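Structure file query-v7.txt (compact mmCIF, C-alpha atoms) is printed below.
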```
# COMPACT_ATOMS: atom_id res chain seq x y z
CA MET A 1 -9.85 -5.88 -0.63
CA THR A 2 -8.96 -2.97 -2.85
CA THR A 3 -8.65 0.51 -1.41
CA PRO A 4 -12.04 2.26 -1.64
CA PRO A 5 -12.25 5.37 -3.78
CA THR A 6 -12.34 8.70 -1.98
CA LEU A 7 -15.05 11.28 -2.31
CA SER A 8 -14.28 14.47 -4.12
CA THR A 9 -16.17 17.73 -3.73
CA PRO A 10 -19.39 17.36 -5.76
CA PRO A 11 -19.74 19.73 -8.70
CA ALA A 12 -22.55 22.22 -8.90
CA PRO A 13 -25.82 20.69 -10.15
CA SER A 14 -25.48 20.09 -13.86
CA THR A 15 -27.76 20.51 -16.79
CA VAL A 16 -28.79 16.96 -17.53
CA GLY A 17 -30.31 15.19 -20.49
CA PRO A 18 -28.67 15.30 -23.91
CA PRO A 19 -25.52 17.38 -23.40
CA ALA A 20 -24.85 20.54 -25.34
CA GLY A 21 -21.20 19.69 -25.91
CA PRO A 22 -18.86 16.72 -25.68
CA VAL A 23 -19.39 14.50 -22.66
CA ALA A 24 -16.40 13.59 -20.52
CA ALA A 25 -15.17 10.05 -21.08
CA ASP A 26 -15.72 9.32 -17.39
CA THR A 27 -18.37 6.56 -17.38
CA LEU A 28 -19.67 5.06 -14.16
CA HIS A 29 -21.63 1.79 -14.08
CA VAL A 30 -24.10 1.90 -11.18
CA ALA A 31 -26.21 -1.05 -10.02
CA PHE A 32 -29.40 -0.29 -8.07
CA VAL A 33 -29.88 -3.24 -5.73
CA GLY A 34 -32.17 -4.21 -2.88
CA GLU A 35 -35.29 -6.07 -1.84
CA VAL A 36 -38.23 -6.46 -4.22
CA ASP A 37 -40.82 -3.65 -3.91
CA HIS A 38 -38.44 -1.26 -2.17
CA GLY A 39 -38.62 1.07 -5.17
CA LYS A 40 -35.53 0.47 -7.35
CA SER A 41 -37.30 0.75 -10.70
CA THR A 42 -39.37 3.74 -9.60
CA LEU A 43 -36.26 5.55 -8.39
CA LEU A 44 -34.40 4.90 -11.64
CA GLY A 45 -37.43 5.92 -13.66
CA ARG A 46 -37.57 9.18 -11.72
CA VAL A 47 -33.88 9.88 -12.40
CA LEU A 48 -34.39 9.38 -16.14
CA HIS A 49 -37.65 11.34 -16.23
CA ASP A 50 -36.43 14.34 -14.24
CA THR A 51 -33.16 14.66 -16.15
CA GLY A 52 -34.98 14.70 -19.48
CA ALA A 53 -33.27 11.50 -20.59
CA ILE A 54 -36.74 10.04 -21.22
CA THR A 55 -39.81 12.13 -21.98
CA ALA A 56 -43.13 11.80 -20.14
CA ASP A 57 -44.89 10.25 -23.14
CA ARG A 58 -42.80 7.12 -22.64
CA LEU A 59 -44.31 6.39 -19.24
CA GLY A 60 -47.34 4.43 -20.44
CA ALA A 61 -49.06 5.10 -17.08
CA ARG A 62 -49.38 7.96 -14.65
CA ILE A 63 -46.57 8.44 -12.14
CA GLU A 64 -48.95 7.82 -9.23
CA ASP A 65 -50.00 4.54 -10.92
CA GLY A 66 -46.45 3.23 -11.18
CA GLY A 67 -45.52 4.70 -14.53
CA LEU A 68 -41.93 5.38 -13.49
CA ALA A 69 -41.30 1.70 -12.74
CA PHE A 70 -42.99 0.74 -16.02
CA LEU A 71 -40.58 3.10 -17.78
CA LEU A 72 -37.60 0.94 -16.81
CA ASP A 73 -39.45 -2.19 -17.83
CA GLY A 74 -39.99 -0.58 -21.23
CA LEU A 75 -36.22 -0.05 -21.60
CA SER A 76 -35.35 -3.69 -20.87
CA GLU A 77 -33.77 -5.89 -23.48
CA GLU A 78 -36.04 -8.23 -25.42
CA ARG A 79 -37.06 -11.10 -23.15
CA ALA A 80 -37.55 -14.72 -24.12
CA ASP A 81 -40.23 -17.08 -22.82
CA LEU A 82 -42.24 -14.22 -21.29
CA PHE A 83 -39.52 -13.73 -18.68
CA THR A 84 -40.09 -10.11 -17.71
CA LEU A 85 -38.23 -9.81 -14.41
CA ASP A 86 -34.77 -9.39 -15.88
CA THR A 87 -31.99 -6.84 -15.63
CA ALA A 88 -32.71 -3.47 -17.27
CA GLN A 89 -30.12 -0.92 -18.31
CA ALA A 90 -30.28 2.75 -19.27
CA VAL A 91 -27.67 5.37 -20.17
CA LEU A 92 -27.72 8.85 -18.66
CA GLU A 93 -25.35 11.56 -19.88
CA THR A 94 -24.69 14.72 -17.89
CA GLU A 95 -22.09 17.45 -18.16
CA ALA A 96 -20.30 15.86 -15.22
CA ARG A 97 -20.36 12.21 -16.26
CA ARG A 98 -21.87 9.44 -18.32
CA TYR A 99 -23.77 6.79 -16.35
CA VAL A 100 -24.83 3.28 -17.17
CA LEU A 101 -27.69 2.67 -14.72
CA ILE A 102 -28.45 -0.99 -14.00
CA ASP A 103 -31.77 -2.07 -12.48
CA VAL A 104 -31.43 -5.59 -11.08
CA PRO A 105 -34.34 -7.77 -9.87
CA GLY A 106 -34.88 -7.99 -6.14
CA HIS A 107 -36.69 -11.31 -5.79
CA LEU A 108 -34.75 -14.18 -4.23
CA ALA A 109 -35.64 -16.54 -7.08
CA LEU A 110 -33.93 -14.14 -9.50
CA LEU A 111 -30.60 -14.03 -7.66
CA LYS A 112 -28.77 -15.20 -10.80
CA ASN A 113 -30.09 -12.22 -12.76
CA MET A 114 -29.22 -9.85 -9.93
CA ALA A 115 -25.65 -11.15 -9.68
CA THR A 116 -25.17 -11.09 -13.45
CA GLY A 117 -26.40 -7.50 -13.72
CA ALA A 118 -24.38 -6.33 -10.73
CA SER A 119 -21.22 -7.94 -12.11
CA ARG A 120 -20.93 -5.01 -14.54
CA ALA A 121 -21.12 -2.40 -11.79
CA GLU A 122 -18.43 -0.18 -10.28
CA LEU A 123 -20.74 1.34 -7.67
CA GLY A 124 -23.82 0.03 -5.86
CA VAL A 125 -26.87 2.04 -4.82
CA VAL A 126 -28.71 -0.01 -2.21
CA VAL A 127 -32.38 1.00 -2.15
CA VAL A 128 -34.14 0.60 1.22
CA ASP A 129 -37.81 1.24 2.01
CA CYS A 130 -37.90 3.51 5.09
CA LEU A 131 -40.84 1.53 6.49
CA VAL A 132 -39.51 -1.99 5.91
CA ARG A 133 -35.78 -1.23 6.36
CA GLY A 134 -33.07 -3.80 5.62
CA THR A 135 -34.11 -7.41 4.94
CA ASP A 136 -32.31 -10.71 4.40
CA GLN A 137 -32.30 -9.95 0.68
CA THR A 138 -30.77 -6.51 1.32
CA ARG A 139 -27.95 -8.19 3.23
CA ARG A 140 -27.56 -10.83 0.53
CA HIS A 141 -27.28 -8.21 -2.21
CA LEU A 142 -24.61 -6.33 -0.26
CA ARG A 143 -22.62 -9.54 0.13
CA VAL A 144 -22.92 -10.20 -3.61
CA LEU A 145 -21.47 -6.74 -4.31
CA GLU A 146 -18.57 -7.47 -1.94
CA LEU A 147 -17.96 -10.82 -3.65
CA LEU A 148 -17.85 -9.07 -7.03
CA GLY A 149 -15.28 -6.55 -5.83
CA VAL A 150 -17.66 -3.56 -5.75
CA THR A 151 -16.42 -1.87 -2.59
CA ASN A 152 -18.34 1.42 -2.60
CA VAL A 153 -22.09 1.90 -2.03
CA VAL A 154 -24.63 4.68 -1.59
CA CYS A 155 -27.82 4.03 0.38
CA ALA A 156 -31.04 5.59 -0.97
CA VAL A 157 -33.77 5.56 1.72
CA THR A 158 -36.99 5.60 -0.30
CA LYS A 159 -40.67 6.40 0.36
CA MET A 160 -39.86 9.20 2.78
CA ASP A 161 -43.20 10.80 1.88
CA LEU A 162 -44.96 7.92 3.66
CA VAL A 163 -43.44 8.96 7.01
CA GLY A 164 -43.91 12.70 6.53
CA TYR A 165 -40.17 13.14 5.78
CA ALA A 166 -39.47 12.56 9.49
CA GLU A 167 -35.79 12.88 10.38
CA GLU A 168 -35.97 10.28 13.14
CA GLU A 169 -37.31 7.65 10.72
CA PHE A 170 -34.47 8.37 8.32
CA ARG A 171 -31.82 8.27 11.06
CA ARG A 172 -33.10 4.89 12.25
CA VAL A 173 -32.65 3.38 8.77
CA ALA A 174 -29.35 5.21 8.17
CA ASP A 175 -27.79 3.90 11.38
CA GLU A 176 -28.92 0.36 10.66
CA MET A 177 -27.60 0.45 7.11
CA ALA A 178 -24.25 1.93 8.17
CA ALA A 179 -23.69 -1.02 10.50
CA LEU A 180 -24.85 -3.52 7.89
CA VAL A 181 -22.65 -2.12 5.11
CA GLU A 182 -19.61 -2.19 7.40
CA ALA A 183 -20.37 -5.78 8.43
CA CYS A 184 -20.44 -6.76 4.76
CA GLY A 185 -16.97 -5.31 4.18
CA LEU A 186 -18.16 -2.38 2.05
CA ARG A 187 -17.74 1.38 2.27
CA LEU A 188 -20.82 3.58 2.66
CA SER A 189 -20.20 6.87 0.84
CA ALA A 190 -23.53 8.52 1.67
CA THR A 191 -27.09 7.84 2.79
CA VAL A 192 -29.69 9.93 0.96
CA PRO A 193 -33.40 10.34 1.87
CA VAL A 194 -35.65 10.41 -1.21
CA SER A 195 -39.21 10.14 -2.45
CA ALA A 196 -39.23 8.70 -5.95
CA VAL A 197 -42.98 9.11 -6.47
CA ALA A 198 -42.89 12.78 -5.42
CA GLY A 199 -39.48 13.41 -7.00
CA HIS A 200 -37.90 14.89 -3.88
CA ASN A 201 -34.12 15.02 -3.30
CA ILE A 202 -33.21 13.00 -6.39
CA THR A 203 -32.06 15.45 -9.04
CA ALA A 204 -32.60 18.62 -7.00
CA PRO A 205 -32.62 19.52 -3.28
CA ALA A 206 -35.92 19.45 -1.38
CA PRO A 207 -35.46 22.00 1.43
CA ASP A 208 -39.21 22.35 2.05
CA GLN A 209 -39.64 18.63 2.70
CA LEU A 210 -36.18 17.88 4.15
CA PRO A 211 -35.02 21.05 5.96
CA TRP A 212 -32.88 18.93 8.31
CA TYR A 213 -30.92 17.21 5.51
CA THR A 214 -27.58 18.88 4.77
CA GLY A 215 -26.22 16.49 2.14
CA GLN A 216 -26.48 16.46 -1.66
CA PRO A 217 -29.44 15.07 -3.61
CA LEU A 218 -28.91 11.60 -5.04
CA LEU A 219 -27.64 12.55 -8.51
CA ASP A 220 -25.12 15.08 -7.20
CA THR A 221 -23.99 12.47 -4.68
CA LEU A 222 -23.19 10.13 -7.56
CA HIS A 223 -21.38 12.97 -9.39
CA GLY A 224 -19.02 13.29 -6.44
CA ILE A 225 -17.96 9.67 -6.24
CA GLY A 226 -14.73 8.54 -7.88
CA GLN A 227 -14.70 5.64 -10.29
CA GLU A 228 -14.23 2.19 -8.83
CA ARG A 229 -11.79 1.09 -11.49
CA ALA A 230 -8.38 2.65 -11.01
CA ARG A 231 -6.68 4.11 -14.05
CA SER A 232 -3.47 2.47 -12.80
CA ALA A 233 -5.08 -1.01 -12.70
CA LEU A 234 -3.33 -3.99 -14.27
CA LEU A 235 -3.59 -3.85 -18.06
CA ARG A 236 -5.57 -6.72 -19.56
CA PHE A 237 -6.62 -6.96 -23.23
CA ALA A 238 -8.79 -9.91 -24.29
CA VAL A 239 -8.25 -10.95 -27.92
CA GLN A 240 -11.39 -11.81 -29.88
CA ALA A 241 -9.94 -12.20 -33.38
CA VAL A 242 -7.11 -11.16 -35.70
CA VAL A 243 -8.45 -9.68 -38.93
CA GLY A 244 -7.22 -8.03 -42.12
CA ALA A 245 -4.76 -8.69 -44.93
CA PRO A 246 -1.08 -9.55 -44.31
CA GLY A 247 0.87 -6.44 -43.42
CA SER A 248 -2.17 -4.63 -42.05
CA ARG A 249 -3.67 -7.21 -39.70
CA ARG A 250 -5.36 -5.97 -36.55
CA ILE A 251 -6.06 -7.53 -33.20
CA ALA A 252 -9.75 -7.08 -32.43
CA GLY A 253 -10.60 -7.26 -28.76
CA ARG A 254 -11.63 -5.54 -25.56
CA THR A 255 -9.70 -3.68 -22.89
CA GLU A 256 -10.81 -5.43 -19.71
CA SER A 257 -8.68 -3.47 -17.25
CA GLY A 258 -6.10 -0.70 -17.17
CA THR A 259 -5.22 1.79 -19.91
CA LEU A 260 -3.69 0.75 -23.24
CA ARG A 261 -1.60 3.21 -25.28
CA PRO A 262 0.25 3.06 -28.63
CA GLY A 263 3.84 1.89 -28.30
CA GLN A 264 3.18 -0.56 -25.48
CA THR A 265 4.52 -4.10 -25.65
CA LEU A 266 2.07 -6.89 -24.83
CA ILE A 267 2.68 -10.61 -24.25
CA GLY A 268 0.30 -13.56 -24.52
CA LYS A 269 0.37 -17.10 -23.16
CA ASP A 270 3.11 -18.27 -25.52
CA GLY A 271 5.47 -15.54 -24.30
CA ALA A 272 5.86 -13.95 -27.73
CA PRO A 273 5.62 -10.13 -27.70
CA CYS A 274 3.71 -7.79 -29.95
CA VAL A 275 3.95 -4.00 -30.05
CA VAL A 276 0.85 -1.82 -30.42
CA ARG A 277 1.31 0.65 -33.28
CA THR A 278 -2.12 2.30 -33.32
CA ILE A 279 -5.44 1.91 -31.52
CA GLU A 280 -8.48 2.20 -33.76
CA ARG A 281 -12.25 2.17 -33.63
CA PHE A 282 -14.32 1.82 -36.79
CA GLY A 283 -15.16 5.17 -38.35
CA GLU A 284 -12.98 7.19 -35.97
CA ALA A 285 -9.51 8.68 -35.99
CA ALA A 286 -6.73 6.76 -34.25
CA LEU A 287 -7.20 6.80 -30.47
CA GLU A 288 -4.69 8.02 -27.91
CA LYS A 289 -5.70 5.27 -25.50
CA ALA A 290 -8.18 2.49 -24.80
CA GLU A 291 -9.75 2.18 -21.36
CA PRO A 292 -11.82 -0.51 -19.60
CA GLY A 293 -14.80 -1.55 -21.69
CA ASP A 294 -13.39 -0.20 -24.99
CA SER A 295 -13.68 -2.64 -27.91
CA VAL A 296 -10.98 -1.65 -30.40
CA GLY A 297 -8.64 -2.86 -33.12
CA LEU A 298 -4.86 -2.82 -32.62
CA LEU A 299 -2.49 -2.43 -35.55
CA PHE A 300 0.60 -4.26 -34.31
CA ASP A 301 4.10 -5.51 -34.99
CA GLY A 302 5.33 -8.89 -33.82
CA ALA A 303 3.67 -12.14 -32.83
CA GLU A 304 0.02 -12.73 -33.74
CA PRO A 305 -1.99 -13.84 -30.67
CA ALA A 306 -4.66 -16.52 -30.86
CA PRO A 307 -8.32 -15.67 -30.14
CA GLY A 308 -9.06 -16.08 -26.44
CA THR A 309 -5.59 -14.91 -25.40
CA VAL A 310 -5.33 -12.25 -22.70
CA LEU A 311 -2.51 -9.83 -23.48
CA ALA A 312 -0.62 -8.01 -20.73
CA PRO A 313 2.59 -5.97 -20.28
CA PRO A 314 5.78 -7.96 -19.56
CA ASP A 315 5.83 -6.81 -15.92
CA GLN A 316 2.12 -7.51 -15.27
CA LEU A 317 1.58 -10.99 -16.67
CA LEU A 318 -1.24 -13.28 -15.65
CA THR A 319 -0.79 -16.65 -14.00
CA SER A 320 -2.05 -19.76 -15.80
CA GLY A 321 -2.78 -23.05 -14.11
CA ARG A 322 -5.14 -25.99 -13.90
CA VAL A 323 -5.94 -25.68 -10.19
CA TRP A 324 -8.03 -22.66 -9.20
CA HIS A 325 -9.01 -21.84 -5.62
CA ILE A 326 -12.29 -19.98 -5.95
CA ARG A 327 -15.20 -18.50 -4.01
CA ILE A 328 -18.69 -18.81 -5.48
CA LEU A 329 -22.30 -17.83 -4.89
CA SER A 330 -24.70 -20.55 -6.04
CA THR A 331 -27.31 -18.97 -8.34
CA SER A 332 -29.17 -22.11 -9.47
CA ASP A 333 -32.38 -23.07 -7.70
CA THR A 334 -32.58 -26.35 -9.62
CA LYS A 335 -29.07 -27.85 -9.40
CA THR A 336 -26.59 -28.23 -6.56
CA LEU A 337 -22.81 -28.34 -6.98
CA ALA A 338 -21.03 -31.34 -5.45
CA GLU A 339 -17.48 -32.69 -5.37
CA GLY A 340 -16.74 -34.49 -8.63
CA ASP A 341 -19.28 -32.51 -10.67
CA ARG A 342 -18.26 -31.44 -14.16
CA CYS A 343 -18.68 -27.75 -15.05
CA VAL A 344 -17.47 -25.02 -17.40
CA VAL A 345 -15.72 -21.82 -16.31
CA ARG A 346 -16.74 -18.82 -18.44
CA TYR A 347 -14.56 -15.76 -17.94
CA ALA A 348 -13.32 -12.69 -19.81
CA ALA A 349 -10.79 -14.62 -21.88
CA GLY A 350 -13.06 -17.52 -22.87
CA SER A 351 -14.20 -20.77 -21.30
CA ALA A 352 -12.60 -23.88 -19.83
CA PRO A 353 -14.07 -27.29 -18.84
CA ALA A 354 -13.37 -28.23 -15.23
CA CYS A 355 -14.24 -30.47 -12.31
CA VAL A 356 -15.09 -29.57 -8.70
CA GLU A 357 -12.22 -31.28 -6.89
CA ARG A 358 -13.06 -30.22 -3.33
CA ILE A 359 -15.56 -28.14 -1.34
CA ASP A 360 -13.57 -26.49 1.43
CA SER A 361 -16.37 -24.59 3.19
CA ARG A 362 -19.92 -23.25 2.80
CA TRP A 363 -21.80 -20.26 4.28
CA ASN A 364 -25.30 -18.88 4.49
CA SER A 365 -25.25 -15.84 2.16
CA SER A 366 -27.53 -13.73 4.34
CA THR A 367 -26.05 -14.33 7.81
CA LEU A 368 -22.59 -15.57 6.76
CA ALA A 369 -22.99 -18.37 9.31
CA ARG A 370 -20.68 -21.26 8.44
CA LEU A 371 -22.52 -24.45 7.45
CA THR A 372 -20.96 -27.34 9.30
CA GLU A 373 -22.82 -30.26 7.72
CA GLU A 374 -21.21 -31.85 4.68
CA GLY A 375 -22.97 -31.74 1.36
CA PRO A 376 -23.23 -29.98 -1.99
CA VAL A 377 -23.44 -26.22 -2.50
CA ARG A 378 -27.10 -25.21 -2.64
CA PHE A 379 -28.98 -22.18 -3.97
CA THR A 380 -27.88 -18.82 -2.40
CA GLU A 381 -24.97 -20.40 -0.50
CA PHE A 382 -21.41 -19.10 -0.62
CA ALA A 383 -18.62 -21.67 -0.88
CA ASP A 384 -14.85 -22.00 -1.19
CA LEU A 385 -13.91 -24.59 -3.81
CA ARG A 386 -10.85 -26.17 -5.34
CA LEU A 387 -11.47 -26.40 -9.08
CA ARG A 388 -9.40 -28.50 -11.50
CA LEU A 389 -9.48 -27.35 -15.12
CA ASP A 390 -8.92 -29.77 -18.00
CA THR A 391 -6.23 -27.48 -19.39
CA ALA A 392 -4.37 -24.56 -17.85
CA ALA A 393 -6.07 -21.19 -18.22
CA PRO A 394 -5.06 -17.64 -17.22
CA ALA A 395 -6.63 -15.73 -14.36
CA ASP A 396 -5.96 -12.96 -11.84
CA ARG A 397 -6.83 -12.93 -8.19
CA VAL A 398 -9.98 -10.81 -7.90
CA ARG A 399 -8.25 -8.47 -5.46
CA ASP A 400 -5.56 -7.78 -8.10
CA CYS A 401 -7.82 -7.43 -11.15
CA VAL A 402 -11.59 -7.61 -10.79
CA GLN A 403 -12.29 -8.13 -14.49
CA LEU A 404 -10.02 -11.18 -14.86
CA GLY A 405 -10.82 -12.45 -11.37
CA ARG A 406 -14.56 -12.88 -11.97
CA PHE A 407 -16.25 -15.75 -13.81
CA MET A 408 -19.50 -17.64 -14.25
CA LEU A 409 -19.69 -21.36 -13.48
CA CYS A 410 -22.04 -23.29 -15.80
CA ASP A 411 -23.01 -26.91 -16.28
CA GLU A 412 -21.99 -28.71 -19.46
CA ASP A 413 -25.29 -27.73 -21.10
CA GLY A 414 -24.55 -24.03 -20.55
CA ARG A 415 -26.94 -23.43 -17.64
CA ALA A 416 -25.57 -21.04 -15.01
CA LEU A 417 -24.71 -22.62 -11.67
CA ALA A 418 -22.77 -19.96 -9.78
CA LEU A 419 -21.00 -16.62 -9.93
CA GLY A 420 -17.42 -16.79 -8.72
CA VAL A 421 -14.12 -15.05 -8.09
CA VAL A 422 -10.54 -16.35 -8.09
CA ASP A 423 -8.61 -16.38 -4.82
CA ARG A 424 -5.49 -18.17 -6.10
CA VAL A 425 -4.14 -20.11 -9.08
CA GLU A 426 -1.67 -22.99 -8.66
CA ASP A 427 0.86 -23.10 -11.47
CA THR A 428 3.93 -25.14 -10.51
CA ASP A 429 4.90 -28.67 -11.52
CA ALA A 430 5.92 -29.39 -7.94
CA GLN A 431 2.36 -28.97 -6.71
CA ASP A 432 0.86 -31.28 -9.30
CA PRO A 433 2.91 -33.55 -11.63
CA ASP A 434 0.10 -33.47 -14.19
CA VAL A 435 0.04 -29.70 -14.40
CA ARG A 436 2.40 -28.20 -16.94
CA ASN A 437 3.86 -24.90 -15.82
CA THR A 438 2.19 -22.56 -18.30
CA LYS A 439 2.69 -19.41 -16.28
CA GLN A 440 3.04 -16.45 -18.62
CA GLY A 441 5.69 -14.80 -16.49
CA LYS A 442 5.83 -13.32 -13.06
CA GLY A 443 2.21 -13.60 -11.92
CA THR A 444 0.20 -12.10 -9.13
CA THR A 445 -0.11 -15.07 -6.79
```
In structure tokens, what does this structure look like?
Amino acid sequence: MTTPPTLSTPPAPSTVGPPAGPVAADTLHVAFVGEVDHGKSTLLGRVLHDTGAITADRLGARIEDGGLAFLLDGLSEERADLFTLDTAQAVLETEARRYVLIDVPGHLALLKNMATGASRAELGVVVVDCLVRGTDQTRRHLRVLELLGVTNVVCAVTKMDLVGYAEEEFRRVADEMAALVEACGLRLSATVPVSAVAGHNITAPAPDQLPWYTGQPLLDTLHGIGQERARSALLRFAVQAVVGAPGSRRIAGRTESGTLRPGQTLIGKDGAPCVVRTIERFGEAALEKAEPGDSVGLLFDGAEPAPGTVLAPPDQLLTSGRVWHIRILSTSDTKTLAEGDRCVVRYAAGSAPACVERIDSRWNSSTLARLTEEGPVRFTEFADLRLRLDTAAPADRVRDCVQLGRFMLCDEDGRALALGVVDRVEDTDAQDPDVRNTKQGKGTT
């Protein structure tokens, strides 16, 4: 597991809403997770409303009638087939930081949507109703975050108004959640008591209601947390296309991890180097660097990489191989995954057909109890698998590079079966005579 980020001293409360000047490039992706009806959407709606990011006329209903939760529903992407319980996303810009706030569904049947939404997160806010406390789904969501490599969480204890803001009720939930977060292999940065309906202790302190609470309100707590992705992470650039006329061709793609700068040498799967001359974004001056999530064009000298290639520095190359040892969470409530099943791996660099060669072990995702009976991987179960790809493909171990260590497992018709991470890639001829050694250089395994 990667080293958790450390807390810095939170800045003074900022003026939020549309910023008066340039916003720092520091962007934090935050997933709000937890059981259905514990108040995730209401809490996010309150954050957006009270910071001025969204005006009151967008509510569509009074706050006391659930208008804050409806606000997030109104910001969701267009939904097909009347499917309304999907992931919603909103952007909040403050003087301290830019946030991408992700509201994921809490219902068990929507675990696939939860995992997909949370896969973009660098920090988790686990929302817990102070009356109900942690549930099986709370535990499951924490384990999904750990699987995805999100190591840092904040606990927001909601509906404190329903218990008269009693300190003992908060402490009971806080102690329980501290033990649960630790058991799931995560780091708890802070536990914050809030009332989303009343708007207390979210964007401003609430000393009248919470005189015993000495911590920061929720938004300032988030301001004080360092980014999950390290600036010194392994550099990975996924090539989408090469465009332009001869002599001025550009590599179009996305920085998946690390920081890319002009002058760096990058190598693809064929071992041929290219040198980055300039980094560009349409309509802007040349950039000094490209960071995770930046889609840019690279003016380059040297070899032209094929679409789907993942470029990396000579001393940080990926490992390619046909045999992947993986851990998955089954997200399909209609199909199981058995030995011999055909599937498709979809990851940052592209997709690759594969076969489930062996199921090594299975666990209950809520209790982590090992399942001793043989059989296929069923909905909500964790499993360790040996996967054999039709052709060698590049990957990183998730503990070395989260972005290139995550993937989605689909059936051959494109339906999602599981979310997974890479534990190890086999890449030597000695281990499998049929596997050509396509390692790009000194890998991470």
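Nearest-residue note for Asp396 in chain A: choosing from A:Arg172, A:Lys40, A:Arg327, A:Arg236, the minimum distance belongs to A:Arg236, counting only C-alpha atoms.
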Completion exercise
Using only C-alpha atoms, the residue out of A:Arg378, A:Arg250, A:Arg322, A:Arg370 with shortest distance to Val296 in chain A is A:Arg250
Handout entry: Polymer residues at most 7 Å from Leu329 in chain A, all atoms listed in the file, same-chain spacing of 4 or more positions, as JSON, numbers by chain
Key = {"A": [380, 381, 382, 383, 418, 419, 420]}
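Distance check against Leu219 in chain A using only C-alpha atoms: of A:Leu148, A:Leu101, A:Met408, A:Ala245, the minimum falls on A:Leu101.
Proximity to Arg143 in chain A was assessed for A:Cys274, A:Val192, A:Cys184, A:Cys130 counting only C-alpha atoms; the smallest distance is recorded for A:Cys184.
Among the candidates A:Pro205, A:Gly34, A:Pro211, A:Gly134, the residue lying nearest to Tyr165 in chain A is A:Pro211 (atoms considered: only C-alpha atoms).
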Completion exercise
The residue from A:Ile326, A:Leu385, A:Ala190, A:Leu409 with the smallest atom-to-atom distance to Gly224 in chain A, counting only C-alpha atoms, is A:Ala190
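Pairwise distance (CA of Thr42 in chain A, CA of Tyr99 in chain A) equals 17.3 Å.
The interatomic distance for the pair CA of Ala31 in chain A and CA of Thr367 in chain A works out to 22.2 Å.
The space separating CA of Pro353 in chain A from CA of Ala392 in chain A comes to 10.1 Å.
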Practice task
Quick one: residues within 9 Å of (3.5, -13.9, -34.0) (file frame), counting all atoms listed in the file, please, as a PyMOL selection string.
Solution key: chain A and resi 272-274+301-305
Would you pick out the contacts of Asn201 in chain A at 12 Å or less, using only C-alpha atoms, so that residues sharing its chain but fewer than 4 positions from it are not included, and give the list as a PDB file with C-alpha atoms, in the coordinates of the input?
```pdb
ATOM      1  CA  LEU A  43     -36.260   5.550  -8.390  1.00  0.00           C
ATOM      2  CA  ARG A  46     -37.570   9.180 -11.720  1.00  0.00           C
ATOM      3  CA  VAL A  47     -33.880   9.880 -12.400  1.00  0.00           C
ATOM      4  CA  ASP A  50     -36.430  14.340 -14.240  1.00  0.00           C
ATOM      5  CA  ALA A 156     -31.040   5.590  -0.970  1.00  0.00           C
ATOM      6  CA  VAL A 157     -33.770   5.560   1.720  1.00  0.00           C
ATOM      7  CA  THR A 158     -36.990   5.600  -0.300  1.00  0.00           C
ATOM      8  CA  LYS A 159     -40.670   6.400   0.360  1.00  0.00           C
ATOM      9  CA  MET A 160     -39.860   9.200   2.780  1.00  0.00           C
ATOM     10  CA  ASP A 161     -43.200  10.800   1.880  1.00  0.00           C
ATOM     11  CA  TYR A 165     -40.170  13.140   5.780  1.00  0.00           C
ATOM     12  CA  THR A 191     -27.090   7.840   2.790  1.00  0.00           C
ATOM     13  CA  VAL A 192     -29.690   9.930   0.960  1.00  0.00           C
ATOM     14  CA  PRO A 193     -33.400  10.340   1.870  1.00  0.00           C
ATOM     15  CA  VAL A 194     -35.650  10.410  -1.210  1.00  0.00           C
ATOM     16  CA  SER A 195     -39.210  10.140  -2.450  1.00  0.00           C
ATOM     17  CA  ALA A 196     -39.230   8.700  -5.950  1.00  0.00           C
ATOM     18  CA  VAL A 197     -42.980   9.110  -6.470  1.00  0.00           C
ATOM     19  CA  PRO A 205     -32.620  19.520  -3.280  1.00  0.00           C
ATOM     20  CA  ALA A 206     -35.920  19.450  -1.380  1.00  0.00           C
ATOM     21  CA  PRO A 207     -35.460  22.000   1.430  1.00  0.00           C
ATOM     22  CA  ASP A 208     -39.210  22.350   2.050  1.00  0.00           C
ATOM     23  CA  GLN A 209     -39.640  18.630   2.700  1.00  0.00           C
ATOM     24  CA  LEU A 210     -36.180  17.880   4.150  1.00  0.00           C
ATOM     25  CA  PRO A 211     -35.020  21.050   5.960  1.00  0.00           C
ATOM     26  CA  TYR A 213     -30.920  17.210   5.510  1.00  0.00           C
ATOM     27  CA  THR A 214     -27.580  18.880   4.770  1.00  0.00           C
ATOM     28  CA  GLY A 215     -26.220  16.490   2.140  1.00  0.00           C
ATOM     29  CA  GLN A 216     -26.480  16.460  -1.660  1.00  0.00           C
ATOM     30  CA  PRO A 217     -29.440  15.070  -3.610  1.00  0.00           C
ATOM     31  CA  LEU A 218     -28.910  11.600  -5.040  1.00  0.00           C
ATOM     32  CA  LEU A 219     -27.640  12.550  -8.510  1.00  0.00           C
ATOM     33  CA  ASP A 220     -25.120  15.080  -7.200  1.00  0.00           C
ATOM     34  CA  THR A 221     -23.990  12.470  -4.680  1.00  0.00           C
TER      35      THR A 221
END
```
Problem - Contact residues around range 28-30 of chain A with all atoms listed in the file at 6 Å, ignoring same-chain residues under 3 positions, as a PyMOL selection string - result: chain A and resi 99-102+121-124
